[in-house]
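Structure file upload29.tsv (TSV, C-alpha atoms) is printed below.
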```tsv
chain	number	residue	atom	x	y	z
A	22	MET	CA	94.16	119.28	93.69
A	23	ILE	CA	96.73	116.78	94.85
A	24	VAL	CA	99.27	115.48	92.34
A	25	ALA	CA	101.62	112.73	93.42
A	26	VAL	CA	104.82	112.10	91.49
A	27	ALA	CA	105.88	108.47	91.67
A	28	SER	CA	108.00	106.16	89.58
A	29	GLY	CA	108.60	102.61	90.51
A	30	LYS	CA	112.24	102.73	89.50
A	31	GLY	CA	114.42	105.11	91.49
A	32	GLY	CA	116.38	107.86	89.81
A	33	THR	CA	114.00	108.37	86.88
A	34	GLY	CA	113.41	112.05	87.66
A	35	LYS	CA	110.53	112.33	90.13
A	36	THR	CA	112.03	115.30	91.89
A	37	THR	CA	113.04	116.88	88.58
A	38	ILE	CA	109.41	116.77	87.46
A	39	ALA	CA	107.87	117.66	90.83
A	40	THR	CA	110.03	120.71	91.43
A	41	SER	CA	109.59	122.09	87.92
A	42	LEU	CA	105.83	121.57	88.07
A	43	ALA	CA	105.79	123.49	91.36
A	44	LEU	CA	107.67	126.40	89.80
A	45	ALA	CA	105.64	126.47	86.59
A	46	VAL	CA	102.26	127.17	88.12
A	47	ASP	CA	101.17	130.11	90.26
A	48	THR	CA	103.52	129.49	93.15
A	49	ALA	CA	101.32	131.32	95.64
A	50	ARG	CA	98.94	128.42	95.37
A	51	VAL	CA	101.44	125.58	95.52
A	52	ALA	CA	102.36	123.36	98.41
A	53	PHE	CA	105.23	120.94	97.95
A	54	LEU	CA	105.53	117.87	100.15
A	55	ASP	CA	108.73	115.85	99.91
A	56	CYS	CA	107.38	112.45	100.90
A	57	ASP	CA	110.63	110.59	100.25
A	58	VAL	CA	111.32	110.72	103.96
A	59	GLU	CA	114.15	108.20	103.82
A	60	ALA	CA	116.13	110.37	101.40
A	61	PRO	CA	114.46	113.75	100.88
A	62	ASN	CA	116.19	115.85	98.23
A	63	ALA	CA	113.71	118.39	96.84
A	64	HIS	CA	115.06	121.01	99.26
A	65	ILE	CA	118.30	121.03	97.25
A	66	PHE	CA	116.39	122.41	94.27
A	67	LEU	CA	113.72	124.55	95.93
A	68	GLN	CA	115.91	125.79	98.82
A	69	PRO	CA	113.20	126.43	101.40
A	70	ASP	CA	113.76	128.52	104.50
A	71	PHE	CA	112.67	126.08	107.16
A	72	ASP	CA	110.87	128.04	109.83
A	73	SER	CA	108.88	125.33	111.56
A	74	ARG	CA	109.71	121.91	112.79
A	75	GLU	CA	107.85	119.22	114.68
A	76	GLN	CA	108.60	115.72	115.82
A	77	VAL	CA	106.52	112.82	114.56
A	78	GLY	CA	106.20	109.47	116.16
A	79	LEU	CA	104.14	106.50	116.98
A	80	PHE	CA	102.40	105.66	120.22
A	81	ILE	CA	103.70	102.35	121.47
A	82	PRO	CA	102.45	100.39	124.47
A	83	GLN	CA	104.03	100.49	127.88
A	84	VAL	CA	102.81	97.84	130.26
A	85	ASP	CA	102.58	98.45	133.99
A	86	GLU	CA	103.96	95.12	135.16
A	87	ALA	CA	102.66	95.69	138.68
A	88	LEU	CA	99.11	95.74	137.31
A	89	CYS	CA	99.49	93.18	134.50
A	90	ASP	CA	98.16	89.73	135.34
A	91	GLY	CA	99.57	88.11	132.21
A	92	CYS	CA	96.19	87.28	130.67
A	93	GLY	CA	97.59	87.60	127.14
A	94	VAL	CA	94.69	89.48	125.54
A	95	CYS	CA	97.13	92.12	124.24
A	96	ALA	CA	99.19	89.46	122.46
A	97	ASP	CA	96.02	87.91	120.98
A	98	VAL	CA	94.78	91.18	119.49
A	99	CYS	CA	98.13	92.42	118.16
A	100	GLN	CA	98.15	91.95	114.38
A	101	TYR	CA	101.87	92.62	114.23
A	102	HIS	CA	102.99	90.36	117.08
A	103	ALA	CA	104.69	93.35	118.60
A	104	ILE	CA	103.58	92.39	122.08
A	105	VAL	CA	103.82	88.88	123.48
A	106	VAL	CA	103.16	87.45	126.91
A	107	LEU	CA	105.81	84.94	127.85
A	108	ALA	CA	105.95	83.13	131.16
A	109	GLY	CA	103.18	85.45	132.37
A	110	LYS	CA	105.13	88.58	131.50
A	111	PRO	CA	104.45	91.02	128.69
A	112	LEU	CA	107.25	91.86	126.26
A	113	VAL	CA	106.96	94.73	123.76
A	114	PHE	CA	108.91	94.85	120.49
A	115	PRO	CA	108.75	98.57	119.63
A	116	GLU	CA	110.17	98.12	116.14
A	117	LEU	CA	107.34	95.74	115.21
A	118	CYS	CA	104.62	98.02	116.61
A	119	HIS	CA	102.43	99.96	114.16
A	120	GLY	CA	100.88	102.09	116.91
A	121	CYS	CA	97.32	100.91	116.28
A	122	GLY	CA	96.39	101.01	119.97
A	123	SER	CA	94.52	97.67	119.98
A	124	CYS	CA	96.42	96.34	123.00
A	125	THR	CA	95.69	99.46	125.06
A	126	LEU	CA	92.04	99.39	124.07
A	127	ASN	CA	91.58	95.70	124.83
A	128	CYS	CA	93.55	95.32	128.06
A	129	PRO	CA	90.82	94.27	130.53
A	130	ILE	CA	92.55	95.87	133.52
A	131	GLY	CA	93.95	99.02	131.95
A	132	ALA	CA	97.56	98.07	132.54
A	133	ILE	CA	98.74	99.50	129.22
A	134	SER	CA	99.48	103.14	128.55
A	135	GLU	CA	101.11	104.59	125.46
A	136	VAL	CA	104.38	106.44	125.08
A	137	GLN	CA	105.51	108.27	122.00
A	138	GLU	CA	108.42	106.81	120.11
A	139	VAL	CA	109.90	109.53	117.91
A	140	LEU	CA	110.41	108.36	114.33
A	141	GLY	CA	111.45	111.57	112.62
A	142	VAL	CA	110.66	115.22	112.04
A	143	LEU	CA	108.56	117.37	109.76
A	144	GLU	CA	110.10	120.62	108.58
A	145	GLY	CA	108.45	123.37	106.61
A	146	GLY	CA	108.85	126.87	105.30
A	147	PRO	CA	108.58	129.04	102.21
A	148	ALA	CA	110.55	128.11	99.10
A	149	ALA	CA	111.23	129.92	95.84
A	150	GLY	CA	109.32	132.88	97.14
A	151	ARG	CA	105.86	131.60	97.84
A	152	ILE	CA	105.77	127.82	97.59
A	153	GLN	CA	104.76	126.20	100.85
A	154	PHE	CA	107.42	123.57	101.24
A	155	ALA	CA	107.45	120.76	103.77
A	156	ARG	CA	109.33	117.55	104.09
A	157	GLY	CA	109.52	114.58	106.41
A	158	VAL	CA	112.83	113.23	107.60
A	159	LEU	CA	112.91	109.73	109.01
A	160	ASN	CA	115.47	109.29	111.77
A	161	VAL	CA	118.45	107.12	110.89
A	162	GLY	CA	117.87	103.57	112.07
A	163	GLN	CA	114.09	103.86	112.03
A	164	PRO	CA	112.50	101.29	109.74
A	165	MET	CA	109.02	102.78	109.50
A	166	ALA	CA	108.45	105.62	107.04
A	167	VAL	CA	104.67	105.42	106.70
A	168	PRO	CA	103.68	107.30	109.90
A	169	VAL	CA	106.03	110.15	108.98
A	170	ILE	CA	104.50	110.40	105.49
A	171	SER	CA	100.94	110.22	106.79
A	172	GLN	CA	101.67	113.05	109.21
A	173	LEU	CA	103.36	115.07	106.48
A	174	LYS	CA	100.23	114.75	104.33
A	175	LYS	CA	98.39	116.59	107.12
A	176	TRP	CA	100.98	119.36	107.32
A	177	ARG	CA	99.27	122.19	109.16
A	178	ALA	CA	100.10	124.94	106.67
A	179	LEU	CA	98.18	123.24	103.84
A	180	GLN	CA	95.19	125.21	102.60
A	181	ASP	CA	92.14	124.53	100.48
A	182	GLY	CA	92.50	125.39	96.84
A	183	GLN	CA	96.22	124.70	96.69
A	184	LEU	CA	97.96	122.53	94.18
A	185	ILE	CA	99.61	120.04	96.52
A	186	ILE	CA	102.53	118.24	94.91
A	187	ARG	CA	103.70	115.11	96.66
A	188	ASP	CA	107.15	113.91	95.66
A	189	ALA	CA	106.88	110.18	96.43
A	190	PRO	CA	109.61	107.72	97.37
A	191	PRO	CA	110.76	105.24	94.70
A	192	GLY	CA	109.45	101.70	94.57
A	193	THR	CA	105.95	100.36	95.14
A	194	SER	CA	106.04	99.48	98.83
A	195	CYS	CA	104.02	100.84	101.75
A	196	PRO	CA	105.65	104.31	101.84
A	197	VAL	CA	104.76	104.82	98.16
A	198	VAL	CA	101.19	103.65	98.73
A	199	GLU	CA	100.92	106.14	101.58
A	200	ALA	CA	102.42	108.95	99.48
A	201	VAL	CA	100.00	108.47	96.55
A	202	ARG	CA	96.89	107.51	98.54
A	203	GLY	CA	94.35	110.31	98.46
A	204	ALA	CA	95.94	112.03	95.46
A	205	ASP	CA	93.75	113.20	92.59
A	206	PHE	CA	96.33	112.26	89.99
A	207	VAL	CA	99.60	110.35	89.85
A	208	LEU	CA	102.42	111.25	87.51
A	209	LEU	CA	104.52	108.17	86.81
A	210	VAL	CA	108.02	109.13	85.78
A	211	THR	CA	109.93	106.49	83.87
A	212	GLU	CA	112.75	106.00	81.43
A	213	PRO	CA	112.57	103.91	78.24
A	214	THR	CA	114.78	101.11	79.51
A	215	PRO	CA	113.84	97.53	80.43
A	216	PHE	CA	114.27	98.39	84.12
A	217	GLY	CA	112.19	101.56	83.70
A	218	LEU	CA	109.45	99.56	81.98
A	219	HIS	CA	109.48	96.78	84.56
A	220	ASP	CA	109.01	99.17	87.46
A	221	LEU	CA	106.51	101.31	85.56
A	222	GLN	CA	104.38	98.20	85.19
A	223	LEU	CA	104.52	97.64	88.95
A	224	ALA	CA	103.72	101.29	89.65
A	225	HIS	CA	100.82	101.10	87.19
A	226	GLN	CA	99.42	98.09	89.05
A	227	LEU	CA	99.66	100.08	92.26
A	228	VAL	CA	97.72	103.09	90.95
A	229	ARG	CA	95.16	100.80	89.34
A	230	GLU	CA	94.68	98.98	92.65
A	231	LEU	CA	94.15	102.34	94.36
A	232	ASP	CA	91.89	103.44	91.49
A	233	LEU	CA	93.89	106.62	90.84
A	234	PRO	CA	94.11	108.30	87.45
A	235	ALA	CA	97.66	108.41	86.16
A	236	GLY	CA	99.81	109.63	83.31
A	237	VAL	CA	103.37	108.95	82.29
A	238	ILE	CA	106.39	111.16	81.80
A	239	VAL	CA	109.18	109.60	79.78
A	240	ASN	CA	112.48	110.97	80.95
A	241	ARG	CA	115.82	110.40	79.21
A	242	ASP	CA	113.86	109.85	76.05
A	243	GLY	CA	115.93	108.49	73.21
A	244	ILE	CA	117.77	105.81	75.15
A	245	GLY	CA	116.59	102.21	75.42
A	246	ASP	CA	113.76	101.05	73.22
A	247	SER	CA	110.09	101.66	72.44
A	248	ARG	CA	108.59	99.14	74.85
A	249	VAL	CA	107.53	101.81	77.37
A	250	ASP	CA	105.52	103.44	74.58
A	251	ASP	CA	104.00	100.09	73.62
A	252	PHE	CA	103.04	99.37	77.22
A	253	CYS	CA	101.48	102.81	77.73
A	254	ARG	CA	99.40	102.38	74.59
A	255	GLU	CA	98.17	98.94	75.67
A	256	ALA	CA	97.51	100.07	79.24
A	257	ASP	CA	95.76	103.24	78.06
A	258	LEU	CA	98.21	105.36	80.02
A	259	PRO	CA	98.66	108.80	78.46
A	260	ILE	CA	102.25	109.92	77.93
A	261	LEU	CA	102.08	113.55	79.02
A	262	MET	CA	105.65	114.68	78.46
A	263	ARG	CA	108.97	113.51	77.10
A	264	ILE	CA	112.29	114.90	78.25
A	265	PRO	CA	115.23	113.95	76.08
A	266	MET	CA	118.43	112.35	77.29
A	267	GLN	CA	120.69	115.36	77.23
A	268	ARG	CA	123.98	116.01	78.95
A	269	THR	CA	123.23	119.71	79.53
A	270	ILE	CA	120.11	118.77	81.51
A	271	ALA	CA	122.09	116.38	83.69
A	272	ALA	CA	124.74	119.03	84.28
A	273	ALA	CA	122.15	121.63	85.33
A	274	LEU	CA	120.49	119.23	87.74
A	275	ALA	CA	123.86	118.29	89.18
A	276	ARG	CA	124.41	121.99	89.90
A	277	GLY	CA	121.17	122.00	91.88
A	278	GLN	CA	119.15	123.83	89.26
A	279	THR	CA	115.63	122.86	88.38
A	280	LEU	CA	114.72	122.00	84.82
A	281	VAL	CA	112.59	125.12	84.31
A	282	GLU	CA	115.28	127.38	85.75
A	283	ALA	CA	118.01	125.97	83.56
A	284	PHE	CA	115.82	125.65	80.47
A	285	PRO	CA	113.02	128.25	80.57
A	286	ASP	CA	111.49	126.80	77.41
A	287	TYR	CA	110.23	124.01	79.66
A	288	LEU	CA	108.05	126.46	81.62
A	289	PRO	CA	105.16	126.47	79.11
A	290	ARG	CA	105.47	122.71	78.78
A	291	PHE	CA	104.97	122.23	82.52
A	292	GLN	CA	102.09	124.72	82.46
A	293	GLU	CA	100.53	122.67	79.69
A	294	LEU	CA	101.19	119.52	81.70
A	295	TYR	CA	99.21	120.94	84.59
A	296	ILE	CA	96.33	121.86	82.28
A	297	GLN	CA	96.34	118.30	80.94
A	298	ILE	CA	96.28	116.89	84.47
A	299	GLN	CA	93.36	119.12	85.36
A	300	SER	CA	91.38	117.98	82.34
A	301	LEU	CA	92.20	114.32	83.00
A	302	VAL	CA	91.02	114.70	86.60
A	303	SER	CA	87.88	116.62	85.73
A	304	GLY	CA	86.99	114.23	82.92
A	305	GLN	CA	86.81	117.07	80.42
A	306	PRO	CA	88.11	116.32	76.93
A	307	VAL	CA	91.89	116.18	76.97
A	308	PRO	CA	93.76	118.35	74.50
A	309	ALA	CA	95.93	116.06	72.46
A	310	PRO	CA	99.35	115.87	74.07
A	311	ARG	CA	101.68	117.92	71.99
A	312	GLU	CA	104.61	115.59	71.79
A	313	MET	CA	107.76	117.56	71.34
A	314	ALA	CA	110.71	116.20	69.51
A	315	GLY	CA	113.91	115.89	71.47
A	316	ASP	CA	116.08	118.99	71.48
B	15	MET	CA	110.80	68.43	128.66
B	16	LYS	CA	108.93	69.44	125.54
B	17	LEU	CA	111.23	69.97	122.57
B	18	ALA	CA	110.09	71.84	119.45
B	19	ILE	CA	111.84	71.33	116.11
B	20	SER	CA	111.13	73.61	113.13
B	21	THR	CA	110.34	71.39	110.15
B	22	ALA	CA	109.10	71.58	106.59
B	23	SER	CA	106.47	68.83	106.88
B	24	PRO	CA	104.44	67.07	109.58
B	25	GLN	CA	106.40	63.81	109.96
B	26	LEU	CA	109.03	62.68	112.43
B	27	SER	CA	111.29	62.10	109.42
B	28	ALA	CA	110.76	65.68	108.22
B	29	PRO	CA	113.80	67.76	107.37
B	30	LEU	CA	114.61	70.88	109.34
B	31	ASP	CA	112.93	73.99	107.90
B	32	ALA	CA	115.40	76.67	106.87
B	33	ARG	CA	113.80	79.31	109.08
B	34	PHE	CA	112.49	79.33	112.60
B	35	GLY	CA	109.69	81.92	112.71
B	36	ARG	CA	108.30	80.95	109.33
B	37	CYS	CA	108.79	77.19	109.40
B	38	MET	CA	105.79	75.20	108.18
B	39	TYR	CA	105.49	72.92	111.22
B	40	PHE	CA	106.76	72.46	114.70
B	41	ILE	CA	107.33	68.84	115.68
B	42	ILE	CA	106.79	68.92	119.42
B	43	ILE	CA	108.24	65.96	121.29
B	44	GLU	CA	108.05	65.02	124.96
B	45	THR	CA	111.66	63.95	125.38
B	46	THR	CA	111.05	61.53	128.25
B	47	THR	CA	108.35	59.47	126.49
B	48	ARG	CA	109.21	60.39	122.84
B	49	ASP	CA	105.50	61.09	122.27
B	50	TRP	CA	105.23	63.60	119.48
B	51	ASP	CA	102.84	65.76	117.57
B	52	ALA	CA	103.20	67.96	114.47
B	53	LEU	CA	101.54	71.36	114.78
B	54	PRO	CA	101.25	73.82	111.88
B	55	ASN	CA	103.10	77.01	112.69
B	56	PRO	CA	100.49	79.79	112.89
B	57	ALA	CA	103.23	82.33	112.09
B	58	ALA	CA	104.35	80.62	108.85
B	59	SER	CA	102.80	83.28	106.64
B	60	ALA	CA	102.65	86.21	109.05
B	61	GLY	CA	103.04	89.63	107.46
B	62	GLY	CA	105.58	90.57	110.07
B	63	GLY	CA	106.56	89.56	113.57
B	64	ALA	CA	106.63	85.86	112.68
B	65	GLY	CA	109.40	85.20	115.19
B	66	THR	CA	107.54	86.68	118.14
B	67	GLN	CA	104.30	85.01	117.12
B	68	ALA	CA	106.00	81.62	116.83
B	69	VAL	CA	107.55	82.00	120.27
B	70	GLN	CA	104.18	82.98	121.74
B	71	PHE	CA	102.72	79.83	120.19
B	72	LEU	CA	105.50	77.59	121.55
B	73	THR	CA	105.22	79.15	124.99
B	74	ASN	CA	101.51	78.43	125.02
B	75	GLN	CA	102.36	74.79	124.13
B	76	GLY	CA	104.63	74.58	127.18
B	77	VAL	CA	107.78	74.03	125.13
B	78	GLY	CA	111.07	74.16	127.07
B	79	ALA	CA	113.63	73.91	124.25
B	80	VAL	CA	113.75	74.52	120.50
B	81	VAL	CA	115.92	73.28	117.67
B	82	GLY	CA	116.19	75.34	114.48
B	83	PRO	CA	118.79	76.36	111.96
B	84	HIS	CA	118.62	80.12	112.46
B	85	PHE	CA	116.93	82.47	114.90
B	86	GLY	CA	116.24	86.12	114.11
B	87	PRO	CA	116.80	88.84	116.74
B	88	ASN	CA	113.15	89.19	117.72
B	89	ALA	CA	112.65	85.44	118.05
B	90	PHE	CA	115.85	85.18	120.05
B	91	THR	CA	114.84	87.94	122.48
B	92	ALA	CA	111.42	86.38	122.92
B	93	LEU	CA	112.80	82.85	123.43
B	94	GLU	CA	115.20	84.12	126.07
B	95	ALA	CA	112.41	86.04	127.82
B	96	ALA	CA	110.28	82.91	127.77
B	97	GLY	CA	113.11	80.89	129.29
B	98	ILE	CA	113.16	78.49	126.33
B	99	GLN	CA	116.53	76.90	125.61
B	100	ILE	CA	117.77	77.42	122.07
B	101	TYR	CA	119.74	74.83	120.09
B	102	SER	CA	120.94	75.12	116.54
B	103	ALA	CA	121.45	72.55	113.82
B	104	ASP	CA	122.36	73.11	110.18
B	105	ASN	CA	120.35	70.24	108.80
B	106	GLY	CA	119.03	66.80	109.65
B	107	GLN	CA	115.58	65.39	110.21
B	108	ALA	CA	113.44	65.67	113.31
B	109	ASP	CA	113.95	62.12	114.66
B	110	GLU	CA	117.75	62.37	114.29
B	111	LEU	CA	117.80	65.79	115.90
B	112	LEU	CA	115.76	64.44	118.79
B	113	GLU	CA	118.45	61.80	119.45
B	114	ASP	CA	121.18	64.45	119.08
B	115	PHE	CA	119.37	66.62	121.60
B	116	ILE	CA	118.94	63.82	124.11
B	117	ALA	CA	122.59	62.83	123.70
B	118	GLY	CA	123.67	66.44	124.26
B	119	ARG	CA	125.26	66.74	120.82
B	120	LEU	CA	123.51	69.99	119.80
B	121	GLU	CA	125.05	73.39	120.18
B	122	LYS	CA	123.34	75.88	122.46
B	123	VAL	CA	122.73	79.29	120.85
B	124	THR	CA	123.66	82.36	122.85
B	125	GLN	CA	123.45	85.04	120.15
B	126	ALA	CA	120.81	86.04	117.63
B	127	GLY	CA	121.43	85.76	113.92
B	128	GLU	CA	121.03	88.61	111.49
B	129	SER	CA	117.73	90.28	110.81
B	130	GLY	CA	116.16	89.16	107.54
B	131	ARG	CA	114.24	92.39	106.83
B	132	HIS	CA	112.17	90.87	104.06
B	133	GLY	CA	110.03	87.93	104.89
B	134	GLY	CA	111.69	86.43	107.87
B	135	GLN	CA	114.32	86.34	110.54
B	136	GLY	CA	113.59	89.56	112.29
B	137	ARG	CA	111.75	91.52	109.69
B	138	ARG	CA	110.73	94.90	110.94
B	139	ARG	CA	107.88	97.23	110.08
```
Let me see the file written as structure tokens.
Amino acid sequence: MIVAVASGKGGTGKTTIATSLALAVDTARVAFLDCDVEAPNAHIFLQPDFDSREQVGLFIPQVDEALCDGCGVCADVCQYHAIVVLAGKPLVFPELCHGCGSCTLNCPIGAISEVQEVLGVLEGGPAAGRIQFARGVLNVGQPMAVPVISQLKKWRALQDGQLIIRDAPPGTSCPVVEAVRGADFVLLVTEPTPFGLHDLQLAHQLVRELDLPAGVIVNRDGIGDSRVDDFCREADLPILMRIPMQRTIAAALARGQTLVEAFPDYLPRFQELYIQIQSLVSGQPVPAPREMAGD
Amino acid sequence: MKLAISTASPQLSAPLDARFGRCMYFIIIETTTRDWDALPNPAASAGGGAGTQAVQFLTNQGVGAVVGPHFGPNAFTALEAAGIQIYSADNGQADELLEDFIAGRLEKVTQAGESGRHGGQGRRR
């Protein structure tokens, strides 16, 4: 089972939810992937011991100018215009290249080889005892997060039968699509503010486009207005949990504690959340969400 | 020499388009005869790499100089590699800019502008 935690709006509590979900279920069967490779932060809460590390990159073309006859086929086939042939000479723009390999494949005289451009690293190790933790870290200055996320999704320590939790980046752009693609369920974390609603609507469009089942967690409940509730009802999006706006929660998170560590009464609620996700994914009747009043 | 001017529409009286790589048209003028043609820019709606695609297009048209308001870093690098002279203008219409070019009143660009990141002027992956 793969559960992705996404949000649309940043700072709604994706990592808060993802880390507590990871701790609430049988941790021996949990893998946690921090897919927010531009600003990973789940390690602050789960404190993994990183014991393995590998570089990730993209294979970009290198043209042997002695062989190249300037025919321009590479430029014609490149969807990203990352290689052009100007005045009979090839010119590669590595930061435009998506590493698809079309130029190499189509060069009629085999003048193109590929060299790896390192984009970032993957790091992994055990966290909170038995959670298999891994994260991607995009190198500073690199614009392309997607290849790092797609490699992270294939992290070698992942095993069948695990609950794989993917903590997605904020927004609804390519890195988010990559982080949620292939998941069995997407948890959309929002807050009941106009901004939270606006970005929830975008995130909902994204999961609908990808045909992924989703449910909503309303964080900082009690602020804003009821329009998130109205939207979820109209969009047939189940609200699976509400976490109240509460200063003590913010203070615990700021200390680097997870929600379930700081407030153990949340443990059964996250266990129930996982049961609800399982029934939503399997299509079995869903137990009615037990909506808890704010503390 | 063939001069290309980035424009918003396909007439000689067309105003300069605000962006080079994603301009709607290139008015391409043979400066000796003043014969001209308006060609739609194939890179106008490119997902990314519009600047490099536009330069590839202009190179294939045999263009020797361009006039535009702003050139992103990728377009600039490609234009330099192609040996195309780069001139900037803030505004104006194609026929006026042609006369400015011929009279040597346009400023030659020697540095790229800032990357646009989202939808133009050197957007990256």
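Take CA of Thr91 in chain B and CA of Gly65 in chain B: the distance between them is 9.5 Å.
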Open item on the list: Env of range 112-125 of chain B: 12 Å cut, atoms = all atoms listed in the file, seq-sep filter 4 positions within chain, self excluded. Answer as a ChimeraX atom specification.
Closed with: /B:15-20,26-28,30,41-50,79-91,93-94,98-108
- [ ] Identify every residue of chain A that has at least one atom within 12 Å of any atom of chain B, counting only C-alpha atoms, and report the result as a PyMOL selection string.
- [x] chain A and resi 92-93+95-120+162-168+194-196
TODO: For CA of Arg187 in chain A and CA of Arg254 in chain A, quote the distance in Å rounded to one decimal.
DONE: 25.8 Å
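CA of Asp242 in chain A lies 15.3 Å from CA of Lys30 in chain A.
Taking all atoms listed in the file into account, the residues near (102.2, 102.2, 98.3), no farther than 10 Å, are Ala27, Val167, Ala189, Pro190, Pro191, Gly192, Thr193, Ser194, Cys195, Pro196, Val197, Val198, Glu199, Ala200, Val201, Arg202, Ala224, Leu227, Val228, Glu230 and Leu231 of chain A.
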Enclose all atoms of range 162-172 of chain A listed in the file in an axis-aligned box, grow every side by 4 Å, and hand back centre and edge lengths in Å to one decimal, as JSON.
```
{"center_x": 109.4, "center_y": 107.2, "center_z": 108.8, "size_x": 24.9, "size_y": 19.8, "size_z": 14.6}
```
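Residues in contact range of Glu75 in chain A, defined as at most 10 Å between only C-alpha atoms, with sequence neighbours fewer than 4 positions away removed, read Gly141, Val142, Leu143, Glu144, Gly145 and Gly157 of chain A.
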TODO: With all atoms listed in the file counted, which protein, DNA or RNA residues have an atom no more than 12 Å from (109.2, 128.4, 100.9) in the file frame? Please answer as JSON, numbers by chain.
DONE: {"A": [43, 44, 48, 49, 50, 51, 52, 53, 54, 63, 64, 66, 67, 68, 69, 70, 71, 72, 73, 144, 145, 146, 147, 148, 149, 150, 151, 152, 153, 154, 155, 156, 178]}
